[in-house]
Amino acid sequence: MRSRQVTAMGLGVAKWPGWGGPSPASSIHVYTQREVYGTVGSHVTLSCSFWSSEWISEDISITWHFQAEGSRDSISIFHYAKGQPYIDDVGNFKERMEWVGNPRRKDGSIVIHNLDYTDNGTFTCDVKNPPDIVGKSSQVTLYVFEKVPTRYGVVLGSIIGGALLLVAVVAMEKGKLQRSAKDTSKRSRQAPGIYGMLAHTRWTQHGPSSQCHHHG
């Protein structure tokens, strides 16, 4: 019976035997992004929000843990308790972390400044809002690059843009050639008539005058 009650509480739909009301401890839900990307020297916001069926308690606590890439150990880097944020001395985040959350707005977000390759890893946000303390934490993976993705994006965009421009130029030149061919065809059809008229005009203008000059 006890195991059934614990499982039900984890789902947030527990009912005590003989009582139709909700469980004294409902499940709290924590949400983060799955992945965040940053570049060396920049900053990123690690967002953490939560939903609780209870009013925000004075005893609410928010904890962030960090597990470096390739490491099996997880260390506590930040916690919020009794209305105050505390940045842990362990690790290399002490001088680079900023608390930007607001528990009253169900926000437990932090900012990491001056990113470095050593910041690659998994960050875990955990929230407890007594008596709402049952629930899973949420994890976000941080990837730090040396602006390579941006550079690749610019290069790729330039290539695509250049290709599209080339296609447009080729299409325009093809259209010009087609129009030029049509114009040439029209002129060739009109040429005999025009040349005939010019020849006739020259004969009528110069023919008689040259004859008169010869007789004189």
# chains A, B, ... in the order shown; residues from 1 in each chain; ligands from 1
call {"tool": "select_by_dssp", "arguments": {"residues": "region 81-122 of chain A", "states": "strand (DSSP E)", "output": "list in words"}}
result
Ala81, Gln84, Pro85, Tyr86, Ile87, Met97, Glu98, Trp99, Ile110, Val111, Ile112, Gly121 and Thr122 of chain A
call {"tool": "closest_residue", "arguments": {"among": "A:Val100, A:Ala68, A:Ile28, A:Val36", "to": "Trp55 (chain A)", "atoms": "only C-alpha atoms"}}
result
A:Ile28
call {"tool": "atom_distance", "arguments": {"atom1": "CA of Tyr143 (chain A)", "atom2": "CA of Thr122 (chain A)"}}
result
9.1 Å
call {"tool": "closest_residue", "arguments": {"among": "A:His113, A:Lys136, A:Arg105, A:Arg96", "to": "Thr32 (chain A)", "atoms": "only C-alpha atoms"}}
result
A:Lys136
call {"tool": "atom_distance", "arguments": {"atom1": "CA of Ser61 (chain A)", "atom2": "CA of Ile133 (chain A)"}}
result
9.8 Å
call {"tool": "select_by_dssp", "arguments": {"residues": "region 34-158 of chain A", "states": "helix (DSSP H, G or I)", "output": "PyMOL selection string"}}
result
chain A and resi 103-105+117-119+148-158
call {"tool": "write_last_selection", "arguments": {"atoms": "N, CA and C atoms", "output": "PDB file, in the first residue's frame"}}
result
ATOM      1  N   PRO A 103      11.438  33.616  -7.648  1.00  0.00           N
ATOM      2  CA  PRO A 103      10.596  32.489  -7.245  1.00  0.00           C
ATOM      3  C   PRO A 103       9.105  32.824  -7.230  1.00  0.00           C
ATOM      4  N   ARG A 104       8.748  34.063  -6.926  1.00  0.00           N
ATOM      5  CA  ARG A 104       7.328  34.450  -6.917  1.00  0.00           C
ATOM      6  C   ARG A 104       6.708  34.327  -8.305  1.00  0.00           C
ATOM      7  N   ARG A 105       7.573  34.451  -9.302  1.00  0.00           N
ATOM      8  CA  ARG A 105       7.114  34.285 -10.686  1.00  0.00           C
ATOM      9  C   ARG A 105       7.467  32.907 -11.226  1.00  0.00           C
ATOM     10  N   TYR A 117      35.640  27.117 -22.440  1.00  0.00           N
ATOM     11  CA  TYR A 117      35.444  25.725 -22.831  1.00  0.00           C
ATOM     12  C   TYR A 117      35.172  24.819 -21.627  1.00  0.00           C
ATOM     13  N   THR A 118      35.713  25.190 -20.475  1.00  0.00           N
ATOM     14  CA  THR A 118      35.520  24.365 -19.275  1.00  0.00           C
ATOM     15  C   THR A 118      34.075  24.391 -18.794  1.00  0.00           C
ATOM     16  N   ASP A 119      33.253  25.269 -19.375  1.00  0.00           N
ATOM     17  CA  ASP A 119      31.843  25.344 -18.975  1.00  0.00           C
ATOM     18  C   ASP A 119      30.982  24.340 -19.721  1.00  0.00           C
ATOM     19  N   VAL A 148      32.523  29.335 -34.044  1.00  0.00           N
ATOM     20  CA  VAL A 148      32.562  28.523 -35.260  1.00  0.00           C
ATOM     21  C   VAL A 148      31.185  28.388 -35.894  1.00  0.00           C
ATOM     22  N   PRO A 149      30.128  28.083 -35.130  1.00  0.00           N
ATOM     23  CA  PRO A 149      28.810  27.944 -35.757  1.00  0.00           C
ATOM     24  C   PRO A 149      28.390  29.201 -36.506  1.00  0.00           C
ATOM     25  N   THR A 150      28.679  30.386 -35.913  1.00  0.00           N
ATOM     26  CA  THR A 150      28.304  31.634 -36.564  1.00  0.00           C
ATOM     27  C   THR A 150      29.069  31.798 -37.863  1.00  0.00           C
ATOM     28  N   ARG A 151      30.372  31.514 -37.823  1.00  0.00           N
ATOM     29  CA  ARG A 151      31.196  31.667 -39.020  1.00  0.00           C
ATOM     30  C   ARG A 151      30.715  30.719 -40.108  1.00  0.00           C
ATOM     31  N   TYR A 152      30.445  29.471 -39.714  1.00  0.00           N
ATOM     32  CA  TYR A 152      29.953  28.521 -40.695  1.00  0.00           C
ATOM     33  C   TYR A 152      28.623  28.972 -41.267  1.00  0.00           C
ATOM     34  N   GLY A 153      27.793  29.545 -40.414  1.00  0.00           N
ATOM     35  CA  GLY A 153      26.488  30.016 -40.876  1.00  0.00           C
ATOM     36  C   GLY A 153      26.638  31.141 -41.881  1.00  0.00           C
ATOM     37  N   VAL A 154      27.588  32.051 -41.623  1.00  0.00           N
ATOM     38  CA  VAL A 154      27.816  33.168 -42.551  1.00  0.00           C
ATOM     39  C   VAL A 154      28.354  32.648 -43.876  1.00  0.00           C
ATOM     40  N   VAL A 155      29.331  31.720 -43.805  1.00  0.00           N
ATOM     41  CA  VAL A 155      29.912  31.162 -45.028  1.00  0.00           C
ATOM     42  C   VAL A 155      28.842  30.428 -45.826  1.00  0.00           C
ATOM     43  N   LEU A 156      28.066  29.603 -45.136  1.00  0.00           N
ATOM     44  CA  LEU A 156      27.017  28.859 -45.815  1.00  0.00           C
ATOM     45  C   LEU A 156      25.996  29.804 -46.438  1.00  0.00           C
ATOM     46  N   GLY A 157      25.634  30.847 -45.686  1.00  0.00           N
ATOM     47  CA  GLY A 157      24.688  31.833 -46.216  1.00  0.00           C
ATOM     48  C   GLY A 157      25.245  32.531 -47.438  1.00  0.00           C
ATOM     49  N   SER A 158      26.554  32.846 -47.410  1.00  0.00           N
ATOM     50  CA  SER A 158      27.194  33.506 -48.554  1.00  0.00           C
ATOM     51  C   SER A 158      27.183  32.602 -49.778  1.00  0.00           C
TER      52      SER A 158
END
call {"tool": "atom_distance", "arguments": {"atom1": "CA of Ser53 (chain A)", "atom2": "CA of Pro85 (chain A)"}}
result
23.2 Å
call {"tool": "residues_around", "arguments": {"residues": "Glu54 (chain A)", "least_positions_apart": "4", "cutoff": "8 Å", "atoms": "only C-alpha atoms", "output": "compact mmCIF listing (two decimals) with N, CA and C atoms, in the first residue's frame"}}
result
# COMPACT_ATOMS: atom_id res chain seq x y z
N ASN A 129 9.20 23.18 -3.12
CA ASN A 129 8.28 24.18 -2.59
C ASN A 129 7.40 23.52 -1.53
N PRO A 131 4.82 22.22 1.03
CA PRO A 131 4.97 20.75 1.10
C PRO A 131 5.09 20.08 -0.26
N ASP A 132 5.16 20.85 -1.34
CA ASP A 132 5.27 20.28 -2.68
C ASP A 132 6.75 20.01 -2.98
call {"tool": "residues_around", "arguments": {"residues": "Ile77 (chain A)", "least_positions_apart": "3", "cutoff": "7 Å", "atoms": "only C-alpha atoms", "output": "VMD selection string"}}
result
chain A and resid 64 to 66 87 to 88 90 to 91
call {"tool": "write_last_selection", "arguments": {"atoms": "all heavy atoms", "output": "CSV table (one decimal), in the first residue's frame"}}
result
chain,number,residue,atom,x,y,z
A,64,TRP,N,21.1,24.6,-8.3
A,64,TRP,CA,21.7,24.3,-9.5
A,64,TRP,C,23.0,23.5,-9.3
A,64,TRP,O,23.8,23.8,-8.5
A,64,TRP,CB,22.1,25.6,-10.3
A,64,TRP,CG,21.0,26.3,-11.0
A,64,TRP,CD1,20.2,27.3,-10.5
A,64,TRP,CD2,20.6,26.0,-12.4
A,64,TRP,NE1,19.3,27.7,-11.5
A,64,TRP,CE2,19.5,26.9,-12.6
A,64,TRP,CE3,21.0,25.2,-13.4
A,64,TRP,CZ2,18.9,27.0,-13.9
A,64,TRP,CZ3,20.3,25.2,-14.6
A,64,TRP,CH2,19.3,26.1,-14.8
A,65,HIS,N,23.1,22.4,-10.1
A,65,HIS,CA,24.3,21.5,-10.1
A,65,HIS,C,24.9,21.5,-11.4
A,65,HIS,O,24.3,21.8,-12.4
A,65,HIS,CB,23.9,20.1,-9.7
A,65,HIS,CG,23.5,19.9,-8.2
A,65,HIS,ND1,22.2,20.2,-7.8
A,65,HIS,CD2,24.2,19.5,-7.1
A,65,HIS,CE1,22.2,20.0,-6.5
A,65,HIS,NE2,23.4,19.6,-6.1
A,66,PHE,N,26.2,21.3,-11.4
A,66,PHE,CA,27.0,21.2,-12.7
A,66,PHE,C,27.8,20.0,-12.8
A,66,PHE,O,28.5,19.6,-11.8
A,66,PHE,CB,27.9,22.5,-12.8
A,66,PHE,CG,28.8,22.4,-14.0
A,66,PHE,CD1,28.4,22.5,-15.3
A,66,PHE,CD2,30.2,22.3,-13.8
A,66,PHE,CE1,29.2,22.4,-16.4
A,66,PHE,CE2,31.1,22.2,-14.9
A,66,PHE,CZ,30.6,22.3,-16.2
A,87,ILE,N,25.8,31.8,-4.1
A,87,ILE,CA,26.7,31.2,-5.1
A,87,ILE,C,27.8,30.4,-4.4
A,87,ILE,O,28.5,31.0,-3.6
A,87,ILE,CB,27.3,32.3,-6.0
A,87,ILE,CG1,26.2,33.0,-6.7
A,87,ILE,CG2,28.3,31.6,-7.0
A,87,ILE,CD1,26.7,34.2,-7.6
A,88,ASP,N,27.9,29.1,-4.7
A,88,ASP,CA,28.8,28.3,-4.0
A,88,ASP,C,30.3,28.6,-4.4
A,88,ASP,O,30.5,29.0,-5.5
A,88,ASP,CB,28.5,26.8,-4.3
A,88,ASP,CG,27.2,26.3,-3.7
A,88,ASP,OD1,26.6,27.1,-2.9
A,88,ASP,OD2,26.7,25.3,-4.1
A,90,VAL,N,32.6,26.3,-4.6
A,90,VAL,CA,33.1,25.2,-5.3
A,90,VAL,C,33.0,25.5,-6.8
A,90,VAL,O,32.0,26.0,-7.3
A,90,VAL,CB,32.4,23.9,-5.0
A,90,VAL,CG1,33.0,22.7,-5.8
A,90,VAL,CG2,32.5,23.6,-3.5
A,91,GLY,N,34.0,25.1,-7.6
A,91,GLY,CA,34.0,25.3,-9.0
A,91,GLY,C,34.5,26.7,-9.4
A,91,GLY,O,34.9,27.5,-8.6
call {"tool": "closest_residue", "arguments": {"among": "A:Thr63, A:Gln33, A:Ser27, A:Ser138", "to": "Ala81 (chain A)", "atoms": "only C-alpha atoms"}}
result
A:Thr63
call {"tool": "closest_residue", "arguments": {"among": "A:Ser47, A:Gln84, A:Ser57, A:Ser109", "to": "Pro130 (chain A)", "atoms": "only C-alpha atoms"}}
result
A:Ser57
call {"tool": "decode", "arguments": {"residues": "region 10-114 of chain A", "atoms": "C-alpha atoms", "output": "CSV table (one decimal), in the first residue's frame"}}
result
chain,number,residue,atom,x,y,z
A,10,GLY,CA,4.9,11.1,-8.0
A,11,LEU,CA,2.2,11.4,-10.6
A,12,GLY,CA,0.4,14.1,-8.6
A,13,VAL,CA,-2.9,12.2,-8.5
A,14,ALA,CA,-2.6,10.4,-5.2
A,15,LYS,CA,-5.6,9.6,-3.1
A,16,TRP,CA,-5.6,8.4,0.4
A,17,PRO,CA,-7.8,5.4,1.3
A,18,GLY,CA,-11.3,6.5,2.2
A,19,TRP,CA,-10.6,10.1,1.2
A,20,GLY,CA,-11.4,11.7,-2.1
A,21,GLY,CA,-9.2,14.9,-1.8
A,22,PRO,CA,-5.8,15.5,-3.3
A,23,SER,CA,-2.6,14.2,-1.9
A,24,PRO,CA,-0.9,16.3,0.8
A,25,ALA,CA,2.3,16.3,-1.4
A,26,SER,CA,1.7,16.8,-5.2
A,27,SER,CA,4.3,16.6,-7.8
A,28,ILE,CA,6.3,19.7,-8.7
A,29,HIS,CA,7.3,20.2,-12.3
A,30,VAL,CA,10.6,21.8,-13.3
A,31,TYR,CA,11.4,23.0,-16.9
A,32,THR,CA,14.6,23.9,-18.7
A,33,GLN,CA,15.8,24.1,-22.2
A,34,ARG,CA,17.4,20.9,-23.5
A,35,GLU,CA,20.5,22.6,-25.0
A,36,VAL,CA,22.0,26.0,-24.9
A,37,TYR,CA,24.8,27.4,-27.1
A,38,GLY,CA,27.3,30.1,-26.4
A,39,THR,CA,30.7,31.4,-27.6
A,40,VAL,CA,33.9,31.9,-25.6
A,41,GLY,CA,33.8,35.2,-23.7
A,42,SER,CA,30.0,35.7,-24.1
A,43,HIS,CA,27.2,34.9,-21.6
A,44,VAL,CA,24.2,32.7,-21.6
A,45,THR,CA,21.0,32.5,-19.6
A,46,LEU,CA,20.2,29.1,-18.1
A,47,SER,CA,16.4,29.3,-17.8
A,48,CYS,CA,14.6,27.3,-15.2
A,49,SER,CA,10.8,27.6,-14.6
A,50,PHE,CA,8.5,25.4,-12.4
A,51,TRP,CA,4.9,24.7,-11.7
A,52,SER,CA,3.6,23.9,-8.3
A,53,SER,CA,0.1,23.2,-7.1
A,54,GLU,CA,1.0,25.0,-3.8
A,55,TRP,CA,1.4,28.7,-3.1
A,56,ILE,CA,5.0,29.8,-3.2
A,57,SER,CA,6.3,29.0,0.2
A,58,GLU,CA,8.8,31.0,2.3
A,59,ASP,CA,10.8,27.8,2.4
A,60,ILE,CA,11.1,27.4,-1.3
A,61,SER,CA,14.5,26.3,-2.4
A,62,ILE,CA,16.2,26.3,-5.9
A,63,THR,CA,19.5,24.4,-6.5
A,64,TRP,CA,21.7,24.3,-9.5
A,65,HIS,CA,24.3,21.5,-10.1
A,66,PHE,CA,27.0,21.2,-12.7
A,67,GLN,CA,28.5,18.1,-14.2
A,68,ALA,CA,31.5,18.9,-16.5
A,69,GLU,CA,31.7,17.2,-19.9
A,70,GLY,CA,33.3,13.8,-19.5
A,71,SER,CA,33.1,13.9,-15.7
A,72,ARG,CA,31.0,11.6,-13.5
A,73,ASP,CA,31.0,14.1,-10.6
A,74,SER,CA,28.3,16.7,-10.1
A,75,ILE,CA,28.9,19.7,-7.9
A,76,SER,CA,26.5,22.3,-6.4
A,77,ILE,CA,27.2,25.7,-7.9
A,78,PHE,CA,24.1,27.7,-6.7
A,79,HIS,CA,21.2,27.6,-4.3
A,80,TYR,CA,18.4,29.8,-3.2
A,81,ALA,CA,16.9,29.5,0.2
A,82,LYS,CA,15.1,31.6,2.8
A,83,GLY,CA,14.7,34.4,0.3
A,84,GLN,CA,18.4,34.7,-0.4
A,85,PRO,CA,20.6,33.5,-3.4
A,86,TYR,CA,23.9,31.9,-2.6
A,87,ILE,CA,26.7,31.2,-5.1
A,88,ASP,CA,28.8,28.3,-4.0
A,89,ASP,CA,32.6,28.6,-3.7
A,90,VAL,CA,33.1,25.2,-5.3
A,91,GLY,CA,34.0,25.3,-9.0
A,92,ASN,CA,34.9,28.2,-11.3
A,93,PHE,CA,31.5,29.9,-11.5
A,94,LYS,CA,31.7,32.1,-8.4
A,95,GLU,CA,32.8,35.3,-10.1
A,96,ARG,CA,30.9,34.7,-13.3
A,97,MET,CA,27.4,33.7,-12.1
A,98,GLU,CA,24.4,36.0,-11.8
A,99,TRP,CA,21.0,35.2,-10.2
A,100,VAL,CA,18.2,36.6,-12.4
A,101,GLY,CA,15.3,34.4,-11.2
A,102,ASN,CA,12.2,35.3,-9.2
A,103,PRO,CA,10.6,32.5,-7.2
A,104,ARG,CA,7.3,34.5,-6.9
A,105,ARG,CA,7.1,34.3,-10.7
A,106,LYS,CA,8.2,30.6,-10.6
A,107,ASP,CA,11.5,31.5,-12.2
A,108,GLY,CA,14.9,30.1,-11.1
A,109,SER,CA,17.1,31.2,-13.9
A,110,ILE,CA,20.8,32.1,-13.7
A,111,VAL,CA,23.3,33.7,-16.1
A,112,ILE,CA,26.8,32.5,-16.7
A,113,HIS,CA,29.2,35.3,-17.9
A,114,ASN,CA,32.6,35.1,-19.7
